[in-house]
Amino acid sequence: MSPSITRDAPSTDPRPREEQSEASDRAALPLALVPAAAQADPAPNAAQKRLIDSITAPAVKKHLQALQTIADANGGNRAAGTSGHAASRDYVVGKLKKAGYTVTVQPFDFAYFEEKSTALMERTSPNPRVFAPTPPDGSSTGEFATMNYSGSGEVTATLQNVDLVLPPGPTPSSSNSGCEAADFAGFTPGNIALLQRGTCDFFVKASNAQAAGAVAAIIFNEGQPGRTDTLLGNLGEPVSIPVVGTSFAVGQELASAGTVVHLKTDTVSEIRTTHNVIADSKWGDPNKVVMSGAHLDSVPAGPGINDDGSGSAATLAVAEALGKVPTRNKLRFAWWSAEELGLVGSTYYVDHLPAAELAKIKLYLNYDMVGSPNYAFKIYDGDDSDAVGSPAGPPGSDEIEKLFEKYFDTLRQGHNGTDFDGRSDYGPFIETGIPAGGLFTGAEGIKTAEEAALFGGTAGEPYDPCYHQACDTIANINDKALALNTGAIATATVVYGFTSDLPGPDTRAAATTKRAATKAGADIHGRSKG
């Protein structure tokens, strides 16, 4: 799942495993535990029920083990633009071709970023002190953090304030520090630019500083309530100088005249090529495409076996079982790349699909993190019945939600809703008006007492304590969550593959027009601003 990184407000991005005591949780659980006819409407027939029943947890775990082995052989990760992702891509492609699919490997360029080691920031004068860093895996938040797409380097130089508003203005974006080249009039090349959050993208501030001859940039939070914490920022595209974000308190402290800072960042920030994998069944009505997807890339910090090896492996197991089955509607499966950098792969796919082809996609099902160790069974809230966060999905999303609810209800398994918050690959499809839904077992969020009563596990702890960390290995998977969710994935795919009554309206011209009108303002890189 894509991280929650500061865009318009500061956030505290990124991260005990609840061990399952029951032997059945570790066993090979059947995925259709009740008659499939009771799982969803319209009901599968007897042959379809047998097909759903045939997809079991060991097939999914076999794929997860393969992804773990790939990560182990490639520096411990499967991040987009790395050899680990390329090997994961080739593994998935090989399985799909063997299963009878027409496979497309879609290349696209993206801005790759990796922080290779923990940054250093210290004031050398006056009053020397070392500031607490945020490590690359985000396991804790320090007083400063390297911004995504920062350049790499080590400098010691005098800080120079750039159009700061201290004390801060009464409202957010009272400051426009660094937003215009004119802000750097009189800037001394070779100094470090001290900038304040507000008004424009962090990239604009950093690139203006670079153009003015700054050897690094420090951007501190603006200072109003809700805008004081350490900035976990995303520049959106590479710059060549080191760029870090700090809390308001640190920025205010550094703004004193004559401050000298030693700053070191260790990053890789460059344009690379990666690939989506798209698999089309040779069966079914090509004008009625039922699409499912998961992201295949991990973060650089770890192998990403839950995030999102779990969704990738479950989707692959279902695809293998259905590859040679003559469904009524065409099945399409996708394994996205560069999701962790802001849904880049899925956005590229949607943006480059002709309107006529996009209209053939009747629904999109997203599976991102379906085996979290301290899991909750979360279903995307298609009808906004939870009245939390984002509004309802496009028409038909409510029907998808109800299908998944009925699956879990029939198992007498509790479930709850999760918001379409834009952090996973359903986002570009929703923007086009395509009905969407899916499953999620939780990331860095904290399990509530009510959820612990409903699902077991530990209240007050993250759903996935290894989210975006090196410990997201095959040991980080809860077998019960993985098995039941794979059963839900199989059920939805079979039901929608065979039904003559797909969710939602038959045409979505108005929504497509709306996307075309707004796409110019969209930012697939999740660029942070004030």
# chains A, B, ... in the order shown; residues from 1 in each chain; ligands from 1
$ select_by_dssp --residues "region 153-208 of chain A" --states "strand (DSSP E or B)" --output "PyMOL selection string"
chain A and resi 153-161+192-196+201
$ write_last_selection --atoms "N, CA, C and O atoms" --output "PDB file, in the first residue's frame"
ATOM      1  N   GLY A 153      24.185  13.690  -0.866  1.00  0.00           N
ATOM      2  CA  GLY A 153      25.383  14.492  -0.700  1.00  0.00           C
ATOM      3  C   GLY A 153      25.659  14.818   0.752  1.00  0.00           C
ATOM      4  O   GLY A 153      24.851  14.548   1.641  1.00  0.00           O
ATOM      5  N   GLU A 154      26.823  15.418   0.986  1.00  0.00           N
ATOM      6  CA  GLU A 154      27.233  15.828   2.332  1.00  0.00           C
ATOM      7  C   GLU A 154      27.794  17.237   2.243  1.00  0.00           C
ATOM      8  O   GLU A 154      28.708  17.508   1.461  1.00  0.00           O
ATOM      9  N   VAL A 155      27.222  18.156   3.027  1.00  0.00           N
ATOM     10  CA  VAL A 155      27.641  19.553   2.984  1.00  0.00           C
ATOM     11  C   VAL A 155      27.704  20.115   4.405  1.00  0.00           C
ATOM     12  O   VAL A 155      26.988  19.664   5.299  1.00  0.00           O
ATOM     13  N   THR A 156      28.589  21.085   4.590  1.00  0.00           N
ATOM     14  CA  THR A 156      28.596  21.908   5.796  1.00  0.00           C
ATOM     15  C   THR A 156      28.605  23.356   5.326  1.00  0.00           C
ATOM     16  O   THR A 156      29.507  23.769   4.583  1.00  0.00           O
ATOM     17  N   ALA A 157      27.574  24.099   5.702  1.00  0.00           N
ATOM     18  CA  ALA A 157      27.449  25.456   5.173  1.00  0.00           C
ATOM     19  C   ALA A 157      26.561  26.297   6.080  1.00  0.00           C
ATOM     20  O   ALA A 157      25.825  25.788   6.933  1.00  0.00           O
ATOM     21  N   THR A 158      26.623  27.596   5.855  1.00  0.00           N
ATOM     22  CA  THR A 158      25.775  28.543   6.581  1.00  0.00           C
ATOM     23  C   THR A 158      24.341  28.473   6.055  1.00  0.00           C
ATOM     24  O   THR A 158      24.117  28.379   4.849  1.00  0.00           O
ATOM     25  N   LEU A 159      23.389  28.510   6.981  1.00  0.00           N
ATOM     26  CA  LEU A 159      21.985  28.580   6.589  1.00  0.00           C
ATOM     27  C   LEU A 159      21.629  30.006   6.191  1.00  0.00           C
ATOM     28  O   LEU A 159      22.097  30.971   6.800  1.00  0.00           O
ATOM     29  N   GLN A 160      20.796  30.124   5.173  1.00  0.00           N
ATOM     30  CA  GLN A 160      20.292  31.433   4.775  1.00  0.00           C
ATOM     31  C   GLN A 160      18.775  31.373   4.698  1.00  0.00           C
ATOM     32  O   GLN A 160      18.199  30.566   3.956  1.00  0.00           O
ATOM     33  N   ASN A 161      18.109  32.186   5.493  1.00  0.00           N
ATOM     34  CA  ASN A 161      16.647  32.199   5.531  1.00  0.00           C
ATOM     35  C   ASN A 161      16.090  32.746   4.217  1.00  0.00           C
ATOM     36  O   ASN A 161      16.604  33.731   3.670  1.00  0.00           O
ATOM     37  N   ILE A 192      23.122  26.924   2.526  1.00  0.00           N
ATOM     38  CA  ILE A 192      21.968  26.026   2.616  1.00  0.00           C
ATOM     39  C   ILE A 192      20.723  26.883   2.756  1.00  0.00           C
ATOM     40  O   ILE A 192      20.666  27.776   3.605  1.00  0.00           O
ATOM     41  N   ALA A 193      19.719  26.643   1.933  1.00  0.00           N
ATOM     42  CA  ALA A 193      18.477  27.415   1.986  1.00  0.00           C
ATOM     43  C   ALA A 193      17.577  26.883   3.098  1.00  0.00           C
ATOM     44  O   ALA A 193      17.297  25.682   3.161  1.00  0.00           O
ATOM     45  N   LEU A 194      17.131  27.765   3.972  1.00  0.00           N
ATOM     46  CA  LEU A 194      16.149  27.425   4.997  1.00  0.00           C
ATOM     47  C   LEU A 194      14.800  27.959   4.532  1.00  0.00           C
ATOM     48  O   LEU A 194      14.608  29.171   4.390  1.00  0.00           O
ATOM     49  N   LEU A 195      13.871  27.031   4.293  1.00  0.00           N
ATOM     50  CA  LEU A 195      12.574  27.347   3.695  1.00  0.00           C
ATOM     51  C   LEU A 195      11.447  26.934   4.624  1.00  0.00           C
ATOM     52  O   LEU A 195      11.601  26.044   5.467  1.00  0.00           O
ATOM     53  N   GLN A 196      10.283  27.539   4.425  1.00  0.00           N
ATOM     54  CA  GLN A 196       9.111  27.270   5.252  1.00  0.00           C
ATOM     55  C   GLN A 196       8.003  26.681   4.381  1.00  0.00           C
ATOM     56  O   GLN A 196       7.804  27.099   3.238  1.00  0.00           O
ATOM     57  N   ASP A 201       4.315  23.596  -4.089  1.00  0.00           N
ATOM     58  CA  ASP A 201       4.895  22.272  -3.907  1.00  0.00           C
ATOM     59  C   ASP A 201       6.302  22.370  -3.327  1.00  0.00           C
ATOM     60  O   ASP A 201       7.066  23.291  -3.623  1.00  0.00           O
TER      61      ASP A 201
END
$ residues_around --residues "Tyr380 (chain A)" --least-positions-apart "2" --cutoff "8 Å" --atoms "only C-alpha atoms" --output "list in words"
Lys378, Gly382, Glu401, Gly417, Thr418, Asp419, Phe420, Gly437, Gly438, Leu439 and Phe440 of chain A
$ write_last_selection --atoms "all heavy atoms" --output "PDB file, in the first residue's frame"
ATOM      1  N   LYS A 378     -11.459  -5.952   6.270  1.00  0.00           N
ATOM      2  CA  LYS A 378     -11.977  -4.653   5.844  1.00  0.00           C
ATOM      3  C   LYS A 378     -12.415  -4.727   4.384  1.00  0.00           C
ATOM      4  O   LYS A 378     -11.685  -5.219   3.530  1.00  0.00           O
ATOM      5  CB  LYS A 378     -10.900  -3.573   6.012  1.00  0.00           C
ATOM      6  CG  LYS A 378     -10.510  -3.321   7.468  1.00  0.00           C
ATOM      7  CD  LYS A 378      -9.370  -2.307   7.559  1.00  0.00           C
ATOM      8  CE  LYS A 378      -9.018  -1.989   8.998  1.00  0.00           C
ATOM      9  NZ  LYS A 378     -10.034  -1.140   9.662  1.00  0.00           N
ATOM     10  N   GLY A 382     -18.154   0.972  -0.526  1.00  0.00           N
ATOM     11  CA  GLY A 382     -18.639   1.432  -1.819  1.00  0.00           C
ATOM     12  C   GLY A 382     -19.825   2.358  -1.760  1.00  0.00           C
ATOM     13  O   GLY A 382     -20.023   3.182  -2.658  1.00  0.00           O
ATOM     14  N   GLU A 401     -19.460  -4.090  -2.701  1.00  0.00           N
ATOM     15  CA  GLU A 401     -19.327  -4.166  -1.243  1.00  0.00           C
ATOM     16  C   GLU A 401     -20.282  -5.202  -0.668  1.00  0.00           C
ATOM     17  O   GLU A 401     -19.900  -6.012   0.195  1.00  0.00           O
ATOM     18  CB  GLU A 401     -19.606  -2.793  -0.628  1.00  0.00           C
ATOM     19  CG  GLU A 401     -19.487  -2.774   0.891  1.00  0.00           C
ATOM     20  CD  GLU A 401     -19.912  -1.459   1.508  1.00  0.00           C
ATOM     21  OE1 GLU A 401     -20.446  -0.586   0.791  1.00  0.00           O
ATOM     22  OE2 GLU A 401     -19.721  -1.301   2.735  1.00  0.00           O
ATOM     23  N   GLY A 417     -15.876  -1.757   7.421  1.00  0.00           N
ATOM     24  CA  GLY A 417     -15.600  -1.004   6.209  1.00  0.00           C
ATOM     25  C   GLY A 417     -14.251  -0.303   6.260  1.00  0.00           C
ATOM     26  O   GLY A 417     -13.673  -0.097   7.330  1.00  0.00           O
ATOM     27  N   THR A 418     -13.757   0.050   5.085  1.00  0.00           N
ATOM     28  CA  THR A 418     -12.561   0.882   4.976  1.00  0.00           C
ATOM     29  C   THR A 418     -12.779   1.895   3.865  1.00  0.00           C
ATOM     30  O   THR A 418     -13.429   1.607   2.858  1.00  0.00           O
ATOM     31  CB  THR A 418     -11.302   0.035   4.734  1.00  0.00           C
ATOM     32  OG1 THR A 418     -10.141   0.855   4.831  1.00  0.00           O
ATOM     33  CG2 THR A 418     -11.325  -0.648   3.372  1.00  0.00           C
ATOM     34  N   ASP A 419     -12.273   3.075   4.070  1.00  0.00           N
ATOM     35  CA  ASP A 419     -12.550   4.196   3.184  1.00  0.00           C
ATOM     36  C   ASP A 419     -11.758   4.103   1.883  1.00  0.00           C
ATOM     37  O   ASP A 419     -10.632   3.598   1.851  1.00  0.00           O
ATOM     38  CB  ASP A 419     -12.182   5.495   3.908  1.00  0.00           C
ATOM     39  CG  ASP A 419     -12.621   6.741   3.175  1.00  0.00           C
ATOM     40  OD1 ASP A 419     -13.709   6.728   2.586  1.00  0.00           O
ATOM     41  OD2 ASP A 419     -11.868   7.729   3.210  1.00  0.00           O
ATOM     42  N   PHE A 420     -12.327   4.591   0.799  1.00  0.00           N
ATOM     43  CA  PHE A 420     -11.583   4.823  -0.443  1.00  0.00           C
ATOM     44  C   PHE A 420     -10.723   6.078  -0.229  1.00  0.00           C
ATOM     45  O   PHE A 420     -11.075   7.180  -0.660  1.00  0.00           O
ATOM     46  CB  PHE A 420     -12.544   5.058  -1.616  1.00  0.00           C
ATOM     47  CG  PHE A 420     -13.138   3.804  -2.197  1.00  0.00           C
ATOM     48  CD1 PHE A 420     -14.514   3.669  -2.341  1.00  0.00           C
ATOM     49  CD2 PHE A 420     -12.335   2.769  -2.647  1.00  0.00           C
ATOM     50  CE1 PHE A 420     -15.077   2.533  -2.907  1.00  0.00           C
ATOM     51  CE2 PHE A 420     -12.880   1.621  -3.215  1.00  0.00           C
ATOM     52  CZ  PHE A 420     -14.255   1.503  -3.339  1.00  0.00           C
ATOM     53  N   GLY A 437     -14.148  -1.989  -5.833  1.00  0.00           N
ATOM     54  CA  GLY A 437     -14.248  -2.562  -4.499  1.00  0.00           C
ATOM     55  C   GLY A 437     -13.002  -3.352  -4.212  1.00  0.00           C
ATOM     56  O   GLY A 437     -12.055  -3.375  -5.002  1.00  0.00           O
ATOM     57  N   GLY A 438     -12.997  -4.016  -3.069  1.00  0.00           N
ATOM     58  CA  GLY A 438     -11.837  -4.822  -2.735  1.00  0.00           C
ATOM     59  C   GLY A 438     -11.729  -5.078  -1.259  1.00  0.00           C
ATOM     60  O   GLY A 438     -12.636  -4.772  -0.477  1.00  0.00           O
ATOM     61  N   LEU A 439     -10.582  -5.625  -0.886  1.00  0.00           N
ATOM     62  CA  LEU A 439     -10.347  -6.106   0.468  1.00  0.00           C
ATOM     63  C   LEU A 439      -9.033  -5.561   0.998  1.00  0.00           C
ATOM     64  O   LEU A 439      -8.095  -5.298   0.238  1.00  0.00           O
ATOM     65  CB  LEU A 439     -10.313  -7.632   0.485  1.00  0.00           C
ATOM     66  CG  LEU A 439     -11.537  -8.338  -0.096  1.00  0.00           C
ATOM     67  CD1 LEU A 439     -11.259  -9.827  -0.268  1.00  0.00           C
ATOM     68  CD2 LEU A 439     -12.761  -8.112   0.790  1.00  0.00           C
ATOM     69  N   PHE A 440      -8.951  -5.470   2.327  1.00  0.00           N
ATOM     70  CA  PHE A 440      -7.787  -4.878   2.984  1.00  0.00           C
ATOM     71  C   PHE A 440      -7.789  -5.379   4.421  1.00  0.00           C
ATOM     72  O   PHE A 440      -8.837  -5.429   5.061  1.00  0.00           O
ATOM     73  CB  PHE A 440      -7.918  -3.350   2.919  1.00  0.00           C
ATOM     74  CG  PHE A 440      -6.869  -2.552   3.626  1.00  0.00           C
ATOM     75  CD1 PHE A 440      -5.528  -2.804   3.447  1.00  0.00           C
ATOM     76  CD2 PHE A 440      -7.240  -1.492   4.456  1.00  0.00           C
ATOM     77  CE1 PHE A 440      -4.565  -2.029   4.080  1.00  0.00           C
ATOM     78  CE2 PHE A 440      -6.296  -0.711   5.083  1.00  0.00           C
ATOM     79  CZ  PHE A 440      -4.948  -0.980   4.901  1.00  0.00           C
TER      80      PHE A 440
END
$ select_by_dssp --residues "region 161-409 of chain A" --states "helix (DSSP H, G or I)" --output "ChimeraX atom specification"
/A:181-184,202-211,248-254,305-322,339-341,344-351,355-358,397-409
$ atom_distance --atom1 "CA of Pro189 (chain A)" --atom2 "CA of Ala216 (chain A)"
10.5 Å
$ closest_residue --among "A:Val370, A:Ala319, A:Met1, A:Cys200" --to "Asp479 (chain A)" --atoms "only C-alpha atoms"
A:Val370
$ residues_around --residues "Glu237 (chain A)" --least-positions-apart "2" --cutoff "8 Å" --atoms "only C-alpha atoms" --output "number ranges by chain"
A: 111, 149, 203, 235, 239, 525
$ closest_residue --among "A:Val350, A:Ala87, A:Ala443, A:Ala99" --to "Asn476 (chain A)" --atoms "only C-alpha atoms"
A:Ala443
$ residues_around --residues "Leu482 (chain A)" --least-positions-apart "5" --cutoff "12 Å" --atoms "only C-alpha atoms" --output "NGL selection string"
:A and (25-31 or 56-61 or 64 or 305-306 or 308-315 or 317 or 367-377 or 439-441 or 474 or 476-477 or 487-489)
$ closest_residue --among "A:Trp335, A:Tyr349, A:Trp283, A:Phe184" --to "Ala212 (chain A)" --atoms "only C-alpha atoms"
A:Phe184
$ closest_residue --among "A:Cys471, A:Pro395, A:Asn77, A:Gln48" --to "Thr327 (chain A)" --atoms "only C-alpha atoms"
A:Gln48
$ closest_residue --among "A:Gln252, A:Thr69, A:Thr274, A:Gln413" --to "Leu166 (chain A)" --atoms "only C-alpha atoms"
A:Gln252
$ closest_residue --among "A:Gly456, A:Gly190, A:Gly100, A:Gly213" --to "Glu320 (chain A)" --atoms "only C-alpha atoms"
A:Gly100
$ residues_around --residues "Thr493 (chain A)" --least-positions-apart "4" --cutoff "12 Å" --atoms "only C-alpha atoms" --output "PyMOL selection string"
chain A and resi 40+44+48-49+51-52+55+289-293+314-319+321-323+325+327-333+363-366+400+403-404+437-438+486-489+497-499+502
$ residues_around --residues "region 112-115 of chain A" --least-positions-apart "4" --cutoff "6 Å" --atoms "only C-alpha atoms" --output "PyMOL selection string"
chain A and resi 136+149+266-271
$ write_last_selection --atoms "C-alpha atoms" --output "PDB file, in the first residue's frame"
ATOM      1  CA  PRO A 136      14.678   5.016   5.918  1.00  0.00           C
ATOM      2  CA  TYR A 149      13.466  12.322  -4.368  1.00  0.00           C
ATOM      3  CA  ASP A 266      22.463   8.996   1.123  1.00  0.00           C
ATOM      4  CA  THR A 267      19.923   8.452  -1.654  1.00  0.00           C
ATOM      5  CA  VAL A 268      19.369   7.164  -5.154  1.00  0.00           C
ATOM      6  CA  SER A 269      17.002   9.443  -7.064  1.00  0.00           C
ATOM      7  CA  GLU A 270      16.688   8.980 -10.822  1.00  0.00           C
ATOM      8  CA  ILE A 271      14.385   8.112 -13.706  1.00  0.00           C
TER       9      ILE A 271
END
$ residues_around --residues "Glu339 (chain A)" --least-positions-apart "2" --cutoff "9 Å" --atoms "only C-alpha atoms" --output "ChimeraX atom specification"
/A:1-2,80,295-298,336-337,341-346,423-425
